[in-house]
Amino acid sequence: IVKRGDYVRPLPKADRAIFTLYTACVVGALVWFVDRLSRGLLEMFARQVVFIGQARGVIQGAVRGLFIAIGILILLDSMGISITPLIASLGVGSLAVALALQDTLANLFAGMHLLADKAIEPGQYVRLESGQEGHVEKVGYRSTRVRMLSNVMLIVPNTKMVGSIITNYDQPDPQTTLTVQAGVHYDSDLGQVERVTLDVARQVMREVEGGVAGAEPSIRFHTFAESSIAFNVMLRAACAADQAVVRHEFIK
């Protein structure tokens with residue numbers, strides 16, 4: 001520090017250091033404020049929007065990383081360091097990283113699409129286009145986990161889930177209709193067959209756990225087969241997983 005008359009002024013280097021320190025404090029405070037604000041907003045909206053609640057970690061990390069990067073660029077610019085080459089290098093580097101992580105990023109965005117679209121959600125019973133079926137355990141950012149009835153976990157990449165046809169048995173209603181095929185001899189009284197079949201169907205849905213008590217079953221004769229008259233019986237099950245039990249008890 002040098003004296004000039006009655007005033008005391010810092011040297012240019014000290015002045016720049018103080019300005020840089022001041023800028024760093026302001027930028028740090030702003031980044032901290034934005035991080036706290038975004039966290040509070042995410043917690044508030046997570047209670048109302050399921051997608052935000054499930055993707056809160058990714059959203060918060062992206063917002064935090066963005067503002068930290070902006071703060072670093074502002075700090076470097078205040079120190080007199082040109083940020084234009086740095087931005088260009090970051091652009092080229094980001095492109096290289098995106099190409100290297102193409103599959104991972106595709107699964108990430110596919111997972112966010114599944115969460116936002118709500119086509120499938122944890123706990124729902126689904127059947128994949130390939131024929132596997134089970135309960136959705138988790139929709140992650142890279143894969144979706146489906147627990148099959150054999151207690152085996154099926155892990156499917158999110159891009160496969162988005163690009164395939166999925167049957168969701170819990171939308172719009174978990175109750176489902178199951179069809180049982182049967183046949184009777186040509187000498188049978190079809191009116192009596194219909195009455196007995198409907199009585200048994202009502203009893204099964206009323207007494208068997210998994211049946212829908214009060215639902216009205218139906219029967220439809222449809223084919224003159226070689227040795228029988230074929231017909232279908234339609235029953236109601238509480239959910240897709242209960243179809244096997246209801247079918248089993250009705251056939252008995």
# chains A, B, ... in the order shown; residues from 1 in each chain; ligands from 1
$ residues_around --residues "range 125-141 of chain A" --least-positions-apart "6" --cutoff "6 Å" --atoms "only C-alpha atoms" --output "ChimeraX atom specification"
/A:108,111,147-149,165-169
$ write_last_selection --atoms "N, CA, C and O atoms" --output "compact mmCIF listing (two decimals), in the first residue's frame"
# COMPACT_ATOMS: atom_id res chain seq x y z
N LEU A 108 -31.72 -42.98 -20.48
CA LEU A 108 -32.07 -41.96 -19.50
C LEU A 108 -33.30 -41.17 -19.95
O LEU A 108 -34.27 -41.01 -19.20
N GLY A 111 -36.40 -43.28 -19.93
CA GLY A 111 -36.93 -43.43 -18.58
C GLY A 111 -37.70 -42.20 -18.13
O GLY A 111 -38.77 -42.30 -17.51
N ARG A 147 -41.16 -57.71 -11.88
CA ARG A 147 -41.10 -58.96 -11.12
C ARG A 147 -42.15 -59.91 -11.69
O ARG A 147 -43.36 -59.67 -11.57
N MET A 148 -41.69 -61.02 -12.26
CA MET A 148 -42.60 -61.99 -12.86
C MET A 148 -43.23 -62.85 -11.78
O MET A 148 -42.78 -62.86 -10.61
N LEU A 149 -44.28 -63.59 -12.14
CA LEU A 149 -45.00 -64.41 -11.16
C LEU A 149 -44.12 -65.52 -10.59
O LEU A 149 -44.39 -66.05 -9.51
N ILE A 165 -44.82 -52.67 -27.59
CA ILE A 165 -46.23 -52.62 -27.21
C ILE A 165 -46.38 -53.28 -25.84
O ILE A 165 -45.98 -54.43 -25.65
N ILE A 166 -46.96 -52.56 -24.89
CA ILE A 166 -47.11 -53.04 -23.52
C ILE A 166 -48.59 -53.09 -23.18
O ILE A 166 -49.32 -52.12 -23.40
N THR A 167 -49.03 -54.22 -22.64
CA THR A 167 -50.40 -54.35 -22.15
C THR A 167 -50.41 -54.07 -20.65
O THR A 167 -49.77 -54.78 -19.88
N ASN A 168 -51.11 -53.01 -20.25
CA ASN A 168 -51.19 -52.63 -18.85
C ASN A 168 -52.56 -53.05 -18.32
O ASN A 168 -53.58 -52.47 -18.68
N TYR A 169 -52.56 -54.05 -17.43
CA TYR A 169 -53.82 -54.58 -16.93
C TYR A 169 -54.42 -53.71 -15.82
O TYR A 169 -55.57 -53.97 -15.41
$ select_by_dssp --residues "range 59-248 of chain A" --states "strand (DSSP E or B)" --output "PyMOL selection string"
chain A and resi 125-127+133-139+143-148+153-157+167-168+176-184+209+211+218-224+229-237
$ residues_around --residues "Arg202 in chain A" --least-positions-apart "4" --cutoff "7 Å" --atoms "only C-alpha atoms" --output "MDAnalysis selection string"
chainID A and resid 198 206 217
$ atom_distance --atom1 "CA of Phe109 in chain A" --atom2 "CA of Leu42 in chain A"
19.2 Å
$ closest_residue --among "A:Gln60, A:Val204, A:Ala225, A:Ala241" --to "Ser150 in chain A" --atoms "only C-alpha atoms"
A:Ala241
$ atom_distance --atom1 "CA of Ile59 in chain A" --atom2 "CA of Glu121 in chain A"
19.3 Å
$ atom_distance --atom1 "CA of Met234 in chain A" --atom2 "CA of Gly123 in chain A"
25.6 Å
$ closest_residue --among "A:Gln203, A:Ser38, A:Gln192, A:Ser218" --to "Val246 in chain A" --atoms "only C-alpha atoms"
A:Gln203
$ closest_residue --among "A:Asn232, A:Ala240, A:Gln171, A:Glu207" --to "Lys118 in chain A" --atoms "only C-alpha atoms"
A:Gln171
$ residues_around --residues "Gly28 in chain A" --least-positions-apart "4" --cutoff "8 Å" --atoms "only C-alpha atoms" --output "VMD selection string"
chain A and resid 24 32 71
$ write_last_selection --atoms "C-alpha atoms" --output "PDB file, in the first residue's frame"
ATOM      1  CA  ALA A  24     -16.390 -15.145  -5.959  1.00  0.00           C
ATOM      2  CA  TRP A  32     -26.170 -21.407  -3.011  1.00  0.00           C
ATOM      3  CA  GLY A  71     -20.812 -19.292 -11.775  1.00  0.00           C
TER       4      GLY A  71
END
$ closest_residue --among "A:Gln243, A:Ser164, A:Met153, A:Ala29" --to "Glu209 in chain A" --atoms "only C-alpha atoms"
A:Gln243
$ select_by_dssp --residues "range 56-232 of chain A" --states "alpha helix (DSSP H)" --output "MDAnalysis selection string"
chainID A and resid 56:78 84:100 102:117 158:163 190:207
$ write_last_selection --atoms "C-alpha atoms" --output "mmCIF file, in the first residue's frame"
data_model
loop_
_atom_site.group_PDB
_atom_site.id
_atom_site.type_symbol
_atom_site.label_atom_id
_atom_site.label_comp_id
_atom_site.auth_asym_id
_atom_site.auth_seq_id
_atom_site.Cartn_x
_atom_site.Cartn_y
_atom_site.Cartn_z
ATOM 1 C CA ARG A 56 -36.168 -35.094 -8.487
ATOM 2 C CA GLY A 57 -32.569 -36.264 -8.106
ATOM 3 C CA VAL A 58 -31.783 -35.875 -11.803
ATOM 4 C CA ILE A 59 -33.531 -32.495 -12.068
ATOM 5 C CA GLN A 60 -31.834 -31.118 -8.969
ATOM 6 C CA GLY A 61 -28.426 -32.387 -10.112
ATOM 7 C CA ALA A 62 -28.873 -30.852 -13.561
ATOM 8 C CA VAL A 63 -29.931 -27.462 -12.145
ATOM 9 C CA ARG A 64 -27.082 -27.461 -9.643
ATOM 10 C CA GLY A 65 -24.487 -28.405 -12.274
ATOM 11 C CA LEU A 66 -25.797 -25.746 -14.678
ATOM 12 C CA PHE A 67 -25.582 -22.889 -12.212
ATOM 13 C CA ILE A 68 -22.223 -24.022 -10.855
ATOM 14 C CA ALA A 69 -20.867 -24.016 -14.417
ATOM 15 C CA ILE A 70 -22.317 -20.537 -15.047
ATOM 16 C CA GLY A 71 -20.812 -19.292 -11.775
ATOM 17 C CA ILE A 72 -17.362 -20.654 -12.684
ATOM 18 C CA LEU A 73 -17.526 -18.966 -16.092
ATOM 19 C CA ILE A 74 -18.502 -15.644 -14.502
ATOM 20 C CA LEU A 75 -15.655 -15.960 -12.003
ATOM 21 C CA LEU A 76 -13.104 -16.735 -14.719
ATOM 22 C CA ASP A 77 -14.324 -13.795 -16.785
ATOM 23 C CA SER A 78 -13.945 -11.463 -13.787
ATOM 24 C CA THR A 84 -14.720 -18.165 -25.297
ATOM 25 C CA PRO A 85 -12.149 -20.940 -25.984
ATOM 26 C CA LEU A 86 -13.333 -22.717 -22.848
ATOM 27 C CA ILE A 87 -16.944 -22.673 -24.024
ATOM 28 C CA ALA A 88 -15.889 -23.999 -27.429
ATOM 29 C CA SER A 89 -13.844 -26.764 -25.782
ATOM 30 C CA LEU A 90 -16.780 -27.652 -23.543
ATOM 31 C CA GLY A 91 -19.021 -27.889 -26.596
ATOM 32 C CA VAL A 92 -16.658 -30.260 -28.380
ATOM 33 C CA GLY A 93 -16.117 -32.276 -25.208
ATOM 34 C CA SER A 94 -19.867 -32.512 -24.557
ATOM 35 C CA LEU A 95 -20.401 -33.794 -28.091
ATOM 36 C CA ALA A 96 -17.725 -36.452 -27.611
ATOM 37 C CA VAL A 97 -19.218 -37.517 -24.274
ATOM 38 C CA ALA A 98 -22.721 -37.634 -25.794
ATOM 39 C CA LEU A 99 -21.507 -39.899 -28.590
ATOM 40 C CA ALA A 100 -19.680 -42.156 -26.142
ATOM 41 C CA GLN A 102 -25.313 -42.557 -26.582
ATOM 42 C CA ASP A 103 -27.011 -45.712 -25.307
ATOM 43 C CA THR A 104 -26.938 -44.540 -21.693
ATOM 44 C CA LEU A 105 -28.422 -41.150 -22.565
ATOM 45 C CA ALA A 106 -31.066 -42.801 -24.752
ATOM 46 C CA ASN A 107 -32.133 -44.980 -21.813
ATOM 47 C CA LEU A 108 -32.073 -41.957 -19.504
ATOM 48 C CA PHE A 109 -34.406 -39.893 -21.687
ATOM 49 C CA ALA A 110 -36.589 -42.949 -22.339
ATOM 50 C CA GLY A 111 -36.932 -43.426 -18.576
ATOM 51 C CA MET A 112 -37.904 -39.781 -18.122
ATOM 52 C CA HIS A 113 -40.449 -40.217 -20.920
ATOM 53 C CA LEU A 114 -41.958 -43.252 -19.166
ATOM 54 C CA LEU A 115 -42.174 -41.341 -15.883
ATOM 55 C CA ALA A 116 -43.768 -38.307 -17.512
ATOM 56 C CA ASP A 117 -46.188 -40.261 -19.707
ATOM 57 C CA ASN A 158 -35.976 -48.215 -21.116
ATOM 58 C CA THR A 159 -35.508 -47.829 -24.867
ATOM 59 C CA LYS A 160 -36.995 -51.314 -25.306
ATOM 60 C CA MET A 161 -39.940 -50.396 -23.084
ATOM 61 C CA VAL A 162 -40.651 -47.189 -25.007
ATOM 62 C CA GLY A 163 -40.368 -48.884 -28.396
ATOM 63 C CA LEU A 190 -77.968 -76.001 -24.239
ATOM 64 C CA GLY A 191 -80.433 -74.089 -22.072
ATOM 65 C CA GLN A 192 -79.560 -76.273 -19.093
ATOM 66 C CA VAL A 193 -75.837 -75.965 -19.911
ATOM 67 C CA GLU A 194 -76.177 -72.181 -19.891
ATOM 68 C CA ARG A 195 -78.032 -72.097 -16.555
ATOM 69 C CA VAL A 196 -75.609 -74.452 -14.795
ATOM 70 C CA THR A 197 -72.562 -72.703 -16.200
ATOM 71 C CA LEU A 198 -73.758 -69.257 -15.091
ATOM 72 C CA ASP A 199 -74.655 -70.557 -11.614
ATOM 73 C CA VAL A 200 -71.176 -72.029 -11.185
ATOM 74 C CA ALA A 201 -69.554 -68.843 -12.509
ATOM 75 C CA ARG A 202 -71.491 -66.659 -10.044
ATOM 76 C CA GLN A 203 -70.594 -68.972 -7.152
ATOM 77 C CA VAL A 204 -66.894 -68.937 -8.058
ATOM 78 C CA MET A 205 -66.724 -65.144 -8.318
ATOM 79 C CA ARG A 206 -68.624 -64.813 -5.046
ATOM 80 C CA GLU A 207 -66.637 -67.310 -2.977
#
$ decode --residues "range 150-165 of chain A" --atoms "all heavy atoms" --output "tab-separated table (two decimals), in the first residue's frame"
chain	number	residue	atom	x	y	z
A	150	SER	N	-43.08	-65.90	-11.31
A	150	SER	CA	-42.14	-66.91	-10.82
A	150	SER	C	-41.10	-66.31	-9.87
A	150	SER	O	-40.12	-66.96	-9.54
A	150	SER	CB	-41.43	-67.57	-12.00
A	150	SER	OG	-40.75	-66.60	-12.80
A	151	ASN	N	-41.32	-65.06	-9.45
A	151	ASN	CA	-40.42	-64.34	-8.53
A	151	ASN	C	-39.04	-64.11	-9.15
A	151	ASN	O	-38.02	-64.06	-8.46
A	151	ASN	CB	-40.29	-65.07	-7.20
A	151	ASN	CG	-39.82	-64.15	-6.09
A	151	ASN	OD1	-40.12	-62.95	-6.10
A	151	ASN	ND2	-39.07	-64.68	-5.13
A	152	VAL	N	-39.00	-63.98	-10.46
A	152	VAL	CA	-37.78	-63.66	-11.20
A	152	VAL	C	-37.86	-62.21	-11.66
A	152	VAL	O	-38.90	-61.78	-12.16
A	152	VAL	CB	-37.60	-64.61	-12.41
A	152	VAL	CG1	-36.39	-64.20	-13.23
A	152	VAL	CG2	-37.46	-66.05	-11.93
A	153	MET	N	-36.78	-61.48	-11.47
A	153	MET	CA	-36.76	-60.07	-11.85
A	153	MET	C	-36.34	-59.94	-13.31
A	153	MET	O	-35.26	-60.39	-13.70
A	153	MET	CB	-35.80	-59.28	-10.96
A	153	MET	CG	-35.89	-57.77	-11.16
A	153	MET	SD	-37.45	-57.10	-10.55
A	153	MET	CE	-37.22	-57.29	-8.78
A	154	LEU	N	-37.20	-59.32	-14.10
A	154	LEU	CA	-36.91	-59.06	-15.51
A	154	LEU	C	-36.46	-57.60	-15.64
A	154	LEU	O	-37.20	-56.69	-15.27
A	154	LEU	CB	-38.16	-59.32	-16.37
A	154	LEU	CG	-38.01	-59.12	-17.88
A	154	LEU	CD1	-37.08	-60.16	-18.46
A	154	LEU	CD2	-39.38	-59.20	-18.55
A	155	ILE	N	-35.25	-57.40	-16.15
A	155	ILE	CA	-34.68	-56.05	-16.30
A	155	ILE	C	-34.68	-55.70	-17.79
A	155	ILE	O	-34.02	-56.37	-18.58
A	155	ILE	CB	-33.27	-55.98	-15.71
A	155	ILE	CG1	-33.30	-56.37	-14.23
A	155	ILE	CG2	-32.68	-54.59	-15.88
A	155	ILE	CD1	-31.94	-56.44	-13.58
A	156	VAL	N	-35.43	-54.66	-18.15
A	156	VAL	CA	-35.61	-54.28	-19.54
A	156	VAL	C	-35.07	-52.86	-19.73
A	156	VAL	O	-35.45	-51.95	-18.99
A	156	VAL	CB	-37.09	-54.32	-19.95
A	156	VAL	CG1	-37.25	-54.06	-21.44
A	156	VAL	CG2	-37.71	-55.66	-19.58
A	157	PRO	N	-34.17	-52.63	-20.70
A	157	PRO	CA	-33.72	-51.25	-20.98
A	157	PRO	C	-34.91	-50.36	-21.34
A	157	PRO	O	-35.87	-50.81	-21.98
A	157	PRO	CB	-32.77	-51.43	-22.17
A	157	PRO	CG	-32.33	-52.86	-22.10
A	157	PRO	CD	-33.49	-53.62	-21.55
A	158	ASN	N	-34.85	-49.12	-20.91
A	158	ASN	CA	-35.98	-48.21	-21.12
A	158	ASN	C	-36.27	-47.98	-22.59
A	158	ASN	O	-37.43	-47.77	-22.96
A	158	ASN	CB	-35.70	-46.88	-20.42
A	158	ASN	CG	-35.78	-47.00	-18.91
A	158	ASN	OD1	-36.53	-47.83	-18.39
A	158	ASN	ND2	-35.03	-46.20	-18.20
A	159	THR	N	-35.25	-48.01	-23.44
A	159	THR	CA	-35.51	-47.83	-24.87
A	159	THR	C	-36.36	-48.96	-25.42
A	159	THR	O	-37.18	-48.76	-26.32
A	159	THR	CB	-34.18	-47.74	-25.64
A	159	THR	OG1	-33.35	-48.87	-25.31
A	159	THR	CG2	-33.43	-46.47	-25.29
A	160	LYS	N	-36.17	-50.18	-24.89
A	160	LYS	CA	-36.99	-51.31	-25.31
A	160	LYS	C	-38.44	-51.13	-24.83
A	160	LYS	O	-39.39	-51.47	-25.55
A	160	LYS	CB	-36.43	-52.62	-24.75
A	160	LYS	CG	-35.04	-52.97	-25.23
A	160	LYS	CD	-35.04	-53.39	-26.68
A	160	LYS	CE	-33.66	-53.87	-27.11
A	160	LYS	NZ	-33.63	-54.27	-28.54
A	161	MET	N	-38.60	-50.61	-23.62
A	161	MET	CA	-39.94	-50.40	-23.08
A	161	MET	C	-40.69	-49.34	-23.90
A	161	MET	O	-41.88	-49.50	-24.20
A	161	MET	CB	-39.86	-49.97	-21.62
A	161	MET	CG	-39.28	-51.00	-20.68
A	161	MET	SD	-40.33	-52.46	-20.48
A	161	MET	CE	-41.70	-51.74	-19.59
A	162	VAL	N	-40.00	-48.26	-24.25
A	162	VAL	CA	-40.65	-47.19	-25.01
A	162	VAL	C	-41.01	-47.65	-26.41
A	162	VAL	O	-42.05	-47.28	-26.96
A	162	VAL	CB	-39.74	-45.95	-25.04
A	162	VAL	CG1	-40.29	-44.88	-25.98
A	162	VAL	CG2	-39.60	-45.37	-23.65
A	163	GLY	N	-40.16	-48.48	-27.02
A	163	GLY	CA	-40.37	-48.88	-28.40
A	163	GLY	C	-41.22	-50.12	-28.59
A	163	GLY	O	-41.41	-50.55	-29.73
A	164	SER	N	-41.74	-50.72	-27.51
A	164	SER	CA	-42.52	-51.95	-27.64
A	164	SER	C	-43.97	-51.71	-27.23
A	164	SER	O	-44.30	-50.70	-26.60
A	164	SER	CB	-41.91	-53.07	-26.80
A	164	SER	OG	-41.96	-52.72	-25.42
A	165	ILE	N	-44.82	-52.67	-27.59
A	165	ILE	CA	-46.23	-52.62	-27.21
A	165	ILE	C	-46.38	-53.28	-25.84
A	165	ILE	O	-45.98	-54.43	-25.65
A	165	ILE	CB	-47.10	-53.32	-28.26
A	165	ILE	CG1	-46.97	-52.64	-29.62
A	165	ILE	CG2	-48.55	-53.34	-27.82
A	165	ILE	CD1	-47.69	-53.34	-30.73
